[in-house]
>>> print(open('upload37.csv').read())   # CSV, N, CA and C atoms
chain,number,residue,atom,x,y,z
D,29,MET,N,-41.8,-152.8,87.3
D,29,MET,CA,-41.9,-154.2,87.6
D,29,MET,C,-42.6,-154.9,86.4
D,30,THR,N,-42.2,-156.1,86.0
D,30,THR,CA,-42.8,-156.9,85.0
D,30,THR,C,-43.3,-158.1,85.6
D,31,THR,N,-44.1,-158.9,84.9
D,31,THR,CA,-44.7,-160.2,85.4
D,31,THR,C,-43.6,-161.2,85.7
D,32,ARG,N,-42.4,-161.0,85.1
D,32,ARG,CA,-41.3,-161.9,85.4
D,32,ARG,C,-40.7,-161.6,86.8
D,33,ASP,N,-40.9,-160.4,87.3
D,33,ASP,CA,-40.4,-160.0,88.6
D,33,ASP,C,-41.3,-160.3,89.8
D,34,ILE,N,-42.4,-160.9,89.6
D,34,ILE,CA,-43.4,-161.2,90.7
D,34,ILE,C,-43.3,-162.6,91.1
D,35,ASP,N,-43.8,-162.8,92.3
D,35,ASP,CA,-43.8,-164.2,92.9
D,35,ASP,C,-44.5,-165.2,91.9
D,36,GLU,N,-44.0,-166.4,91.9
D,36,GLU,CA,-44.5,-167.4,91.0
D,36,GLU,C,-46.0,-167.7,91.2
D,37,SER,N,-46.5,-167.7,92.5
D,37,SER,CA,-47.9,-168.0,92.8
D,37,SER,C,-48.8,-166.8,92.2
D,38,VAL,N,-48.3,-165.6,92.4
D,38,VAL,CA,-49.0,-164.5,91.8
D,38,VAL,C,-49.1,-164.5,90.3
D,39,ARG,N,-47.9,-164.9,89.7
D,39,ARG,CA,-47.9,-165.0,88.2
D,39,ARG,C,-48.8,-166.1,87.8
D,40,ALA,N,-48.9,-167.2,88.5
D,40,ALA,CA,-49.8,-168.3,88.1
D,40,ALA,C,-51.2,-167.9,88.2
D,41,GLU,N,-51.6,-167.2,89.3
D,41,GLU,CA,-53.0,-166.7,89.4
D,41,GLU,C,-53.3,-165.7,88.3
D,42,LEU,N,-52.4,-164.8,88.0
D,42,LEU,CA,-52.6,-163.8,87.0
D,42,LEU,C,-52.8,-164.5,85.6
D,43,ASN,N,-52.0,-165.5,85.3
D,43,ASN,CA,-52.2,-166.3,84.1
D,43,ASN,C,-53.5,-167.0,84.1
D,44,ARG,N,-53.9,-167.6,85.2
D,44,ARG,CA,-55.2,-168.3,85.3
D,44,ARG,C,-56.4,-167.3,85.0
D,45,LEU,N,-56.3,-166.1,85.6
D,45,LEU,CA,-57.4,-165.1,85.4
D,45,LEU,C,-57.4,-164.6,83.9
D,46,ARG,N,-56.2,-164.4,83.4
D,46,ARG,CA,-56.1,-164.0,82.0
D,46,ARG,C,-56.6,-165.0,81.0
D,47,GLU,N,-56.4,-166.3,81.3
D,47,GLU,CA,-56.9,-167.4,80.5
D,47,GLU,C,-58.5,-167.3,80.5
D,48,SER,N,-59.0,-167.1,81.7
D,48,SER,CA,-60.5,-167.0,81.8
D,48,SER,C,-61.0,-165.8,81.0
D,49,ILE,N,-60.3,-164.7,81.1
D,49,ILE,CA,-60.7,-163.5,80.3
D,49,ILE,C,-60.6,-163.8,78.8
D,50,ASP,N,-59.6,-164.5,78.4
D,50,ASP,CA,-59.5,-164.8,77.0
D,50,ASP,C,-60.6,-165.7,76.5
D,51,ASN,N,-61.0,-166.7,77.4
D,51,ASN,CA,-62.1,-167.6,77.1
D,51,ASN,C,-63.5,-166.8,77.0
D,52,ILE,N,-63.6,-165.9,77.9
D,52,ILE,CA,-64.8,-165.0,77.9
D,52,ILE,C,-64.9,-164.2,76.7
D,53,ASP,N,-63.7,-163.6,76.3
D,53,ASP,CA,-63.7,-162.8,75.1
D,53,ASP,C,-64.1,-163.6,73.9
D,54,ALA,N,-63.6,-164.8,73.8
D,54,ALA,CA,-63.9,-165.7,72.7
D,54,ALA,C,-65.4,-166.0,72.7
D,55,ALA,N,-66.0,-166.2,73.8
D,55,ALA,CA,-67.4,-166.5,73.9
D,55,ALA,C,-68.2,-165.2,73.5
D,56,VAL,N,-67.8,-164.1,73.9
D,56,VAL,CA,-68.5,-162.8,73.6
D,56,VAL,C,-68.5,-162.7,72.0
D,57,VAL,N,-67.3,-162.9,71.4
D,57,VAL,CA,-67.2,-162.8,69.9
D,57,VAL,C,-68.2,-163.8,69.3
D,58,HIS,N,-68.2,-165.0,69.7
D,58,HIS,CA,-69.1,-166.0,69.1
D,58,HIS,C,-70.6,-165.6,69.3
D,59,MET,N,-70.9,-165.1,70.5
D,59,MET,CA,-72.3,-164.7,70.8
D,59,MET,C,-72.7,-163.5,69.9
D,60,LEU,N,-71.8,-162.6,69.7
D,60,LEU,CA,-72.1,-161.5,68.8
D,60,LEU,C,-72.2,-161.9,67.4
D,61,ALA,N,-71.4,-162.9,67.0
D,61,ALA,CA,-71.6,-163.4,65.6
D,61,ALA,C,-72.9,-164.1,65.4
D,62,GLU,N,-73.4,-164.8,66.4
D,62,GLU,CA,-74.7,-165.4,66.4
D,62,GLU,C,-75.8,-164.4,66.4
D,63,ARG,N,-75.6,-163.3,67.1
D,63,ARG,CA,-76.6,-162.2,67.2
D,63,ARG,C,-76.7,-161.6,65.8
D,64,PHE,N,-75.6,-161.3,65.2
D,64,PHE,CA,-75.6,-160.7,63.9
D,64,PHE,C,-76.2,-161.6,62.8
D,65,LYS,N,-76.0,-162.9,62.9
D,65,LYS,CA,-76.7,-163.8,62.0
D,65,LYS,C,-78.2,-163.6,62.1
D,66,CYS,N,-78.7,-163.5,63.3
D,66,CYS,CA,-80.1,-163.3,63.5
D,66,CYS,C,-80.6,-161.9,62.9
D,67,THR,N,-79.8,-160.9,63.2
D,67,THR,CA,-80.2,-159.6,62.7
D,67,THR,C,-80.1,-159.5,61.2
D,68,GLN,N,-79.2,-160.2,60.6
D,68,GLN,CA,-79.1,-160.3,59.1
D,68,GLN,C,-80.4,-160.8,58.6
D,69,GLN,N,-81.0,-161.9,59.2
D,69,GLN,CA,-82.2,-162.4,58.8
D,69,GLN,C,-83.4,-161.4,59.0
D,70,VAL,N,-83.3,-160.7,60.1
D,70,VAL,CA,-84.3,-159.6,60.3
D,70,VAL,C,-84.2,-158.6,59.2
D,71,GLY,N,-83.0,-158.2,58.8
D,71,GLY,CA,-82.7,-157.2,57.8
D,71,GLY,C,-83.3,-157.7,56.4
D,72,ARG,N,-83.1,-159.0,56.1
D,72,ARG,CA,-83.6,-159.5,54.9
D,72,ARG,C,-85.2,-159.5,54.9
D,73,LEU,N,-85.8,-159.9,56.0
D,73,LEU,CA,-87.2,-159.9,56.1
D,73,LEU,C,-87.8,-158.4,56.0
D,74,LYS,N,-87.1,-157.5,56.6
D,74,LYS,CA,-87.5,-156.1,56.5
D,74,LYS,C,-87.4,-155.6,55.1
D,75,ALA,N,-86.3,-156.0,54.4
D,75,ALA,CA,-86.2,-155.5,53.0
D,75,ALA,C,-87.3,-156.2,52.1
D,76,GLN,N,-87.6,-157.4,52.4
D,76,GLN,CA,-88.6,-158.1,51.6
D,76,GLN,C,-90.0,-157.4,51.7
D,77,HIS,N,-90.2,-156.9,52.9
D,77,HIS,CA,-91.5,-156.3,53.2
D,77,HIS,C,-91.5,-154.7,53.2
D,78,GLN,N,-90.4,-154.2,52.7
D,78,GLN,CA,-90.2,-152.7,52.6
D,78,GLN,C,-90.4,-152.0,54.0
D,79,LEU,N,-89.9,-152.7,55.0
D,79,LEU,CA,-90.0,-152.1,56.4
D,79,LEU,C,-88.7,-151.3,56.6
D,80,PRO,N,-88.8,-150.2,57.4
D,80,PRO,CA,-87.6,-149.4,57.7
D,80,PRO,C,-86.5,-150.1,58.4
D,81,PRO,N,-85.2,-149.8,58.1
D,81,PRO,CA,-84.1,-150.5,58.7
D,81,PRO,C,-84.1,-150.3,60.3
D,82,ALA,N,-84.5,-149.2,60.8
D,82,ALA,CA,-84.5,-148.9,62.2
D,82,ALA,C,-85.9,-149.0,62.8
D,83,ASP,N,-86.0,-149.4,64.0
D,83,ASP,CA,-87.2,-149.5,64.8
D,83,ASP,C,-87.0,-148.9,66.1
D,84,PRO,N,-87.2,-147.5,66.2
D,84,PRO,CA,-86.8,-146.8,67.4
D,84,PRO,C,-87.6,-147.3,68.7
D,85,ASP,N,-88.8,-147.7,68.5
D,85,ASP,CA,-89.6,-148.2,69.7
D,85,ASP,C,-88.9,-149.5,70.2
D,86,ARG,N,-88.6,-150.4,69.4
D,86,ARG,CA,-88.0,-151.7,69.8
D,86,ARG,C,-86.6,-151.3,70.4
D,87,GLU,N,-85.8,-150.5,69.8
D,87,GLU,CA,-84.5,-150.1,70.3
D,87,GLU,C,-84.6,-149.5,71.7
D,88,ALA,N,-85.6,-148.7,71.9
D,88,ALA,CA,-85.7,-148.1,73.3
D,88,ALA,C,-86.1,-149.2,74.3
D,89,ARG,N,-87.0,-150.1,73.9
D,89,ARG,CA,-87.3,-151.2,74.8
D,89,ARG,C,-86.1,-152.1,75.1
D,90,GLN,N,-85.3,-152.3,74.1
D,90,GLN,CA,-84.1,-153.2,74.2
D,90,GLN,C,-83.1,-152.5,75.1
D,91,ILE,N,-82.9,-151.2,75.0
D,91,ILE,CA,-82.0,-150.4,75.8
D,91,ILE,C,-82.4,-150.5,77.3
D,92,GLU,N,-83.7,-150.3,77.5
D,92,GLU,CA,-84.2,-150.3,78.9
D,92,GLU,C,-84.0,-151.7,79.5
D,93,ARG,N,-84.3,-152.7,78.7
D,93,ARG,CA,-84.2,-154.1,79.1
D,93,ARG,C,-82.7,-154.4,79.4
D,94,LEU,N,-81.8,-154.0,78.6
D,94,LEU,CA,-80.4,-154.3,78.8
D,94,LEU,C,-79.9,-153.5,80.0
D,95,ARG,N,-80.4,-152.3,80.2
D,95,ARG,CA,-80.0,-151.5,81.4
D,95,ARG,C,-80.4,-152.3,82.7
D,96,GLN,N,-81.6,-152.8,82.7
D,96,GLN,CA,-82.1,-153.6,83.9
D,96,GLN,C,-81.3,-154.9,84.1
D,97,LEU,N,-81.0,-155.6,83.0
D,97,LEU,CA,-80.1,-156.7,83.1
D,97,LEU,C,-78.7,-156.4,83.6
D,98,ALA,N,-78.2,-155.3,83.2
D,98,ALA,CA,-76.9,-154.8,83.6
D,98,ALA,C,-76.9,-154.5,85.1
D,99,GLU,N,-78.0,-153.9,85.6
D,99,GLU,CA,-78.1,-153.6,87.0
D,99,GLU,C,-78.1,-154.8,87.8
D,100,SER,N,-78.9,-155.8,87.4
D,100,SER,CA,-79.0,-157.1,88.1
D,100,SER,C,-77.7,-157.8,88.1
D,101,ALA,N,-76.9,-157.6,87.1
D,101,ALA,CA,-75.6,-158.3,86.9
D,101,ALA,C,-74.5,-157.5,87.5
D,102,ARG,N,-74.8,-156.4,88.2
D,102,ARG,CA,-73.8,-155.5,88.7
D,102,ARG,C,-72.8,-155.0,87.7
D,103,LEU,N,-73.4,-154.6,86.5
D,103,LEU,CA,-72.6,-154.0,85.5
D,103,LEU,C,-73.1,-152.6,85.3
D,104,ASP,N,-72.3,-151.7,85.0
D,104,ASP,CA,-72.7,-150.3,84.8
D,104,ASP,C,-73.7,-150.2,83.7
D,105,PRO,N,-75.0,-149.8,84.0
D,105,PRO,CA,-76.0,-149.7,83.0
D,105,PRO,C,-75.6,-148.7,81.9
D,106,ALA,N,-74.9,-147.7,82.2
D,106,ALA,CA,-74.5,-146.7,81.2
D,106,ALA,C,-73.6,-147.4,80.2
D,107,PHE,N,-72.7,-148.2,80.7
D,107,PHE,CA,-71.8,-148.9,79.8
D,107,PHE,C,-72.6,-149.9,78.9
D,108,ALA,N,-73.5,-150.6,79.5
D,108,ALA,CA,-74.3,-151.6,78.8
D,108,ALA,C,-75.1,-150.8,77.7
D,109,GLU,N,-75.6,-149.7,78.0
D,109,GLU,CA,-76.4,-148.9,77.0
D,109,GLU,C,-75.5,-148.4,75.9
D,110,LYS,N,-74.3,-148.0,76.2
D,110,LYS,CA,-73.3,-147.6,75.1
D,110,LYS,C,-73.0,-148.8,74.2
D,111,LEU,N,-72.8,-149.9,74.8
D,111,LEU,CA,-72.5,-151.1,74.0
D,111,LEU,C,-73.6,-151.5,73.1
D,112,LEU,N,-74.9,-151.5,73.7
D,112,LEU,CA,-76.0,-151.8,72.8
D,112,LEU,C,-76.2,-150.8,71.7
D,113,ASN,N,-76.0,-149.5,72.1
D,113,ASN,CA,-76.2,-148.5,71.0
D,113,ASN,C,-75.2,-148.7,69.9
D,114,PHE,N,-74.0,-149.1,70.2
D,114,PHE,CA,-73.0,-149.4,69.2
D,114,PHE,C,-73.4,-150.5,68.3
D,115,ILE,N,-73.9,-151.6,69.0
D,115,ILE,CA,-74.4,-152.8,68.2
D,115,ILE,C,-75.6,-152.4,67.4
D,116,ILE,N,-76.6,-151.7,67.9
D,116,ILE,CA,-77.8,-151.3,67.2
D,116,ILE,C,-77.4,-150.4,65.9
D,117,ALA,N,-76.4,-149.5,66.1
D,117,ALA,CA,-76.0,-148.7,64.9
D,117,ALA,C,-75.4,-149.6,63.8
D,118,GLU,N,-74.7,-150.6,64.2
D,118,GLU,CA,-74.1,-151.6,63.2
D,118,GLU,C,-75.2,-152.4,62.6
D,119,VAL,N,-76.2,-152.8,63.4
D,119,VAL,CA,-77.3,-153.6,62.8
D,119,VAL,C,-78.1,-152.7,61.8
D,120,ILE,N,-78.3,-151.5,62.1
D,120,ILE,CA,-79.1,-150.6,61.2
D,120,ILE,C,-78.3,-150.4,60.0
D,121,ARG,N,-77.0,-150.2,60.1
D,121,ARG,CA,-76.1,-150.1,58.9
D,121,ARG,C,-76.2,-151.3,58.0
D,122,HIS,N,-76.2,-152.5,58.6
D,122,HIS,CA,-76.4,-153.8,57.9
D,122,HIS,C,-77.8,-153.8,57.2
D,123,HIS,N,-78.8,-153.4,57.9
D,123,HIS,CA,-80.2,-153.4,57.4
D,123,HIS,C,-80.3,-152.4,56.2
D,124,GLU,N,-79.6,-151.3,56.3
D,124,GLU,CA,-79.6,-150.3,55.2
D,124,GLU,C,-78.9,-150.9,54.0
D,125,THR,N,-77.8,-151.6,54.2
D,125,THR,CA,-77.1,-152.2,53.1
D,125,THR,C,-78.0,-153.3,52.4
D,126,ILE,N,-78.6,-154.1,53.2
D,126,ILE,CA,-79.5,-155.2,52.7
D,126,ILE,C,-80.7,-154.5,51.9
D,127,ALA,N,-81.3,-153.5,52.5
D,127,ALA,CA,-82.4,-152.8,51.8
D,127,ALA,C,-82.0,-152.3,50.5
D,128,ALA,N,-80.7,-151.8,50.4
D,128,ALA,CA,-80.2,-151.2,49.1
D,128,ALA,C,-79.9,-152.2,48.1
D,129,ASN,N,-79.6,-153.5,48.6
D,129,ASN,CA,-79.2,-154.6,47.7
D,129,ASN,C,-79.8,-155.9,48.3
D,130,PRO,N,-81.1,-156.1,48.2
D,130,PRO,CA,-81.7,-157.2,48.9
D,130,PRO,C,-81.3,-158.6,48.3
D,131,GLU,N,-80.8,-158.6,47.1
D,131,GLU,CA,-80.4,-159.8,46.4
D,131,GLU,C,-79.0,-160.3,47.0
D,132,ALA,N,-78.2,-159.5,47.5
D,132,ALA,CA,-76.9,-159.9,48.0
D,132,ALA,C,-77.0,-160.7,49.3
D,133,THR,N,-76.2,-161.6,49.4
D,133,THR,CA,-76.2,-162.4,50.7
D,133,THR,C,-75.0,-161.8,51.5
D,134,HIS,N,-75.2,-161.2,52.6
D,134,HIS,CA,-74.2,-160.6,53.4
D,134,HIS,C,-74.4,-161.0,54.8
D,135,ASP,N,-73.4,-161.7,55.4
D,135,ASP,CA,-73.4,-162.0,56.8
D,135,ASP,C,-72.3,-161.3,57.5
D,136,ALA,N,-72.7,-160.9,58.7
D,136,ALA,CA,-71.7,-160.2,59.5
D,136,ALA,C,-71.8,-160.6,61.0
>>> encode(input="upload37.csv", output="structure tokens")
Amino acid sequence: MTTRDIDESVRAELNRLRESIDNIDAAVVHMLAERFKCTQQVGRLKAQHQLPPADPDREARQIERLRQLAESARLDPAFAEKLLNFIIAEVIRHHETIAANPEATHDA
């Protein structure tokens, strides 16, 4: 069965929900872009002051904080932790790149 084969009201509701999902996806991408702009600034500050790219204590606090937020939002905390770990790994990679070449302007 395809969406062409279903009742028009069901198709309309499916399209409405998918449009909402698309809008949320766009918002998530824009929020991640803003987050990475901030972490790029952190990376430049760390490079200027010869601080390490990673901060395991902060990362652990952030993971615990996000797990609690996920629980209160009824989102799987393990999923939230995996997502944040992925983001943190990318941030650290950016910080390492900035530390290796602090003169370069790199936004991600």
>>> residues_around(input="upload37.csv", residues="range 91-94 of chain D", least_positions_apart="4", cutoff="12 Å", atoms="only C-alpha atoms", output="ChimeraX atom specification")
/D:84-87,98-116
>>> write_last_selection(input="upload37.csv", atoms="N, CA and C atoms", output="PDB file, in the frame of the given file")
ATOM      1  N   PRO D  84     -87.200-147.500  66.200  1.00  0.00           N
ATOM      2  CA  PRO D  84     -86.800-146.800  67.400  1.00  0.00           C
ATOM      3  C   PRO D  84     -87.600-147.300  68.700  1.00  0.00           C
ATOM      4  N   ASP D  85     -88.800-147.700  68.500  1.00  0.00           N
ATOM      5  CA  ASP D  85     -89.600-148.200  69.700  1.00  0.00           C
ATOM      6  C   ASP D  85     -88.900-149.500  70.200  1.00  0.00           C
ATOM      7  N   ARG D  86     -88.600-150.400  69.400  1.00  0.00           N
ATOM      8  CA  ARG D  86     -88.000-151.700  69.800  1.00  0.00           C
ATOM      9  C   ARG D  86     -86.600-151.300  70.400  1.00  0.00           C
ATOM     10  N   GLU D  87     -85.800-150.500  69.800  1.00  0.00           N
ATOM     11  CA  GLU D  87     -84.500-150.100  70.300  1.00  0.00           C
ATOM     12  C   GLU D  87     -84.600-149.500  71.700  1.00  0.00           C
ATOM     13  N   ALA D  98     -78.200-155.300  83.200  1.00  0.00           N
ATOM     14  CA  ALA D  98     -76.900-154.800  83.600  1.00  0.00           C
ATOM     15  C   ALA D  98     -76.900-154.500  85.100  1.00  0.00           C
ATOM     16  N   GLU D  99     -78.000-153.900  85.600  1.00  0.00           N
ATOM     17  CA  GLU D  99     -78.100-153.600  87.000  1.00  0.00           C
ATOM     18  C   GLU D  99     -78.100-154.800  87.800  1.00  0.00           C
ATOM     19  N   SER D 100     -78.900-155.800  87.400  1.00  0.00           N
ATOM     20  CA  SER D 100     -79.000-157.100  88.100  1.00  0.00           C
ATOM     21  C   SER D 100     -77.700-157.800  88.100  1.00  0.00           C
ATOM     22  N   ALA D 101     -76.900-157.600  87.100  1.00  0.00           N
ATOM     23  CA  ALA D 101     -75.600-158.300  86.900  1.00  0.00           C
ATOM     24  C   ALA D 101     -74.500-157.500  87.500  1.00  0.00           C
ATOM     25  N   ARG D 102     -74.800-156.400  88.200  1.00  0.00           N
ATOM     26  CA  ARG D 102     -73.800-155.500  88.700  1.00  0.00           C
ATOM     27  C   ARG D 102     -72.800-155.000  87.700  1.00  0.00           C
ATOM     28  N   LEU D 103     -73.400-154.600  86.500  1.00  0.00           N
ATOM     29  CA  LEU D 103     -72.600-154.000  85.500  1.00  0.00           C
ATOM     30  C   LEU D 103     -73.100-152.600  85.300  1.00  0.00           C
ATOM     31  N   ASP D 104     -72.300-151.700  85.000  1.00  0.00           N
ATOM     32  CA  ASP D 104     -72.700-150.300  84.800  1.00  0.00           C
ATOM     33  C   ASP D 104     -73.700-150.200  83.700  1.00  0.00           C
ATOM     34  N   PRO D 105     -75.000-149.800  84.000  1.00  0.00           N
ATOM     35  CA  PRO D 105     -76.000-149.700  83.000  1.00  0.00           C
ATOM     36  C   PRO D 105     -75.600-148.700  81.900  1.00  0.00           C
ATOM     37  N   ALA D 106     -74.900-147.700  82.200  1.00  0.00           N
ATOM     38  CA  ALA D 106     -74.500-146.700  81.200  1.00  0.00           C
ATOM     39  C   ALA D 106     -73.600-147.400  80.200  1.00  0.00           C
ATOM     40  N   PHE D 107     -72.700-148.200  80.700  1.00  0.00           N
ATOM     41  CA  PHE D 107     -71.800-148.900  79.800  1.00  0.00           C
ATOM     42  C   PHE D 107     -72.600-149.900  78.900  1.00  0.00           C
ATOM     43  N   ALA D 108     -73.500-150.600  79.500  1.00  0.00           N
ATOM     44  CA  ALA D 108     -74.300-151.600  78.800  1.00  0.00           C
ATOM     45  C   ALA D 108     -75.100-150.800  77.700  1.00  0.00           C
ATOM     46  N   GLU D 109     -75.600-149.700  78.000  1.00  0.00           N
ATOM     47  CA  GLU D 109     -76.400-148.900  77.000  1.00  0.00           C
ATOM     48  C   GLU D 109     -75.500-148.400  75.900  1.00  0.00           C
ATOM     49  N   LYS D 110     -74.300-148.000  76.200  1.00  0.00           N
ATOM     50  CA  LYS D 110     -73.300-147.600  75.100  1.00  0.00           C
ATOM     51  C   LYS D 110     -73.000-148.800  74.200  1.00  0.00           C
ATOM     52  N   LEU D 111     -72.800-149.900  74.800  1.00  0.00           N
ATOM     53  CA  LEU D 111     -72.500-151.100  74.000  1.00  0.00           C
ATOM     54  C   LEU D 111     -73.600-151.500  73.100  1.00  0.00           C
ATOM     55  N   LEU D 112     -74.900-151.500  73.700  1.00  0.00           N
ATOM     56  CA  LEU D 112     -76.000-151.800  72.800  1.00  0.00           C
ATOM     57  C   LEU D 112     -76.200-150.800  71.700  1.00  0.00           C
ATOM     58  N   ASN D 113     -76.000-149.500  72.100  1.00  0.00           N
ATOM     59  CA  ASN D 113     -76.200-148.500  71.000  1.00  0.00           C
ATOM     60  C   ASN D 113     -75.200-148.700  69.900  1.00  0.00           C
ATOM     61  N   PHE D 114     -74.000-149.100  70.200  1.00  0.00           N
ATOM     62  CA  PHE D 114     -73.000-149.400  69.200  1.00  0.00           C
ATOM     63  C   PHE D 114     -73.400-150.500  68.300  1.00  0.00           C
ATOM     64  N   ILE D 115     -73.900-151.600  69.000  1.00  0.00           N
ATOM     65  CA  ILE D 115     -74.400-152.800  68.200  1.00  0.00           C
ATOM     66  C   ILE D 115     -75.600-152.400  67.400  1.00  0.00           C
ATOM     67  N   ILE D 116     -76.600-151.700  67.900  1.00  0.00           N
ATOM     68  CA  ILE D 116     -77.800-151.300  67.200  1.00  0.00           C
ATOM     69  C   ILE D 116     -77.400-150.400  65.900  1.00  0.00           C
TER      70      ILE D 116
END
>>> select_by_dssp(input="upload37.csv", residues="range 63-98 of chain D", states="helix (DSSP H, G or I)", output="PyMOL selection string")
chain D and resi 63-76+84-98
>>> atom_distance(input="upload37.csv", atom1="CA of Ala128 in chain D", atom2="CA of Val56 in chain D")
29.5 Å
>>> closest_residue(input="upload37.csv", among="D:Val57, D:Ile49, D:Ala88, D:Val70", to="Glu124 in chain D", atoms="only C-alpha atoms")
D:Val70
>>> closest_residue(input="upload37.csv", among="D:Gly71, D:Cys66, D:Ile34, D:Asn51", to="Thr125 in chain D", atoms="only N, CA and C atoms")
D:Gly71
>>> closest_residue(input="upload37.csv", among="D:Gln90, D:Gln78, D:Gln68, D:Leu60", to="His123 in chain D", atoms="all atoms listed in the file")
D:Gln68
>>> atom_distance(input="upload37.csv", atom1="CA of Phe64 in chain D", atom2="atom C of Pro81 in chain D")
13.9 Å
>>> atom_distance(input="upload37.csv", atom1="CA of Leu97 in chain D", atom2="atom C of His122 in chain D")
26.2 Å
>>> residues_near_point(input="upload37.csv", point="(-83.8, -155.5, 52.7)", cutoff="6 Å", atoms="only C-alpha atoms", output="number ranges by chain")
D: 71-72, 74-76, 126-127, 130
>>> decode(input="upload37.csv", residues="range 46-52 of chain D", atoms="all heavy atoms", output="short mmCIF file (atom, residue, chain, number, x, y, z; two decimals), in the first residue's frame")
data_model
loop_
_atom_site.label_atom_id
_atom_site.label_comp_id
_atom_site.auth_asym_id
_atom_site.auth_seq_id
_atom_site.Cartn_x
_atom_site.Cartn_y
_atom_site.Cartn_z
N ARG D 46 4.09 15.22 8.83
CA ARG D 46 5.40 15.25 8.17
C ARG D 46 5.91 16.68 8.01
O ARG D 46 7.11 16.92 8.12
CB ARG D 46 5.32 14.53 6.82
CG ARG D 46 5.26 13.03 6.99
CD ARG D 46 5.11 12.32 5.68
NE ARG D 46 5.23 10.88 5.86
CZ ARG D 46 4.91 10.00 4.93
NH1 ARG D 46 4.45 10.40 3.75
NH2 ARG D 46 5.05 8.71 5.17
N GLU D 47 5.03 17.61 7.75
CA GLU D 47 5.45 19.02 7.67
C GLU D 47 5.97 19.49 9.02
O GLU D 47 6.96 20.22 9.09
CB GLU D 47 4.28 19.90 7.20
CG GLU D 47 3.99 19.77 5.73
CD GLU D 47 2.77 20.58 5.29
OE1 GLU D 47 2.31 21.45 6.06
OE2 GLU D 47 2.30 20.33 4.16
N SER D 48 5.31 19.07 10.10
CA SER D 48 5.80 19.41 11.44
C SER D 48 7.17 18.81 11.68
O SER D 48 8.07 19.48 12.22
CB SER D 48 4.82 18.92 12.51
OG SER D 48 3.62 19.64 12.46
N ILE D 49 7.35 17.57 11.29
CA ILE D 49 8.65 16.90 11.44
C ILE D 49 9.72 17.67 10.65
O ILE D 49 10.82 17.91 11.15
CB ILE D 49 8.57 15.43 11.00
CG1 ILE D 49 7.73 14.64 12.01
CG2 ILE D 49 9.96 14.82 10.85
CD1 ILE D 49 7.32 13.25 11.52
N ASP D 50 9.40 18.06 9.42
CA ASP D 50 10.35 18.80 8.60
C ASP D 50 10.73 20.12 9.26
O ASP D 50 11.90 20.52 9.25
CB ASP D 50 9.78 19.06 7.20
CG ASP D 50 9.64 17.79 6.38
OD1 ASP D 50 10.18 16.73 6.78
OD2 ASP D 50 8.96 17.86 5.33
N ASN D 51 9.76 20.80 9.85
CA ASN D 51 10.03 22.07 10.54
C ASN D 51 10.91 21.85 11.76
O ASN D 51 11.84 22.62 12.02
CB ASN D 51 8.73 22.77 10.94
CG ASN D 51 7.98 23.32 9.75
OD1 ASN D 51 8.55 23.59 8.70
ND2 ASN D 51 6.68 23.48 9.91
N ILE D 52 10.63 20.80 12.49
CA ILE D 52 11.44 20.48 13.67
C ILE D 52 12.86 20.13 13.25
O ILE D 52 13.84 20.59 13.87
CB ILE D 52 10.80 19.34 14.49
CG1 ILE D 52 9.48 19.83 15.10
CG2 ILE D 52 11.75 18.82 15.56
CD1 ILE D 52 8.59 18.71 15.63
#
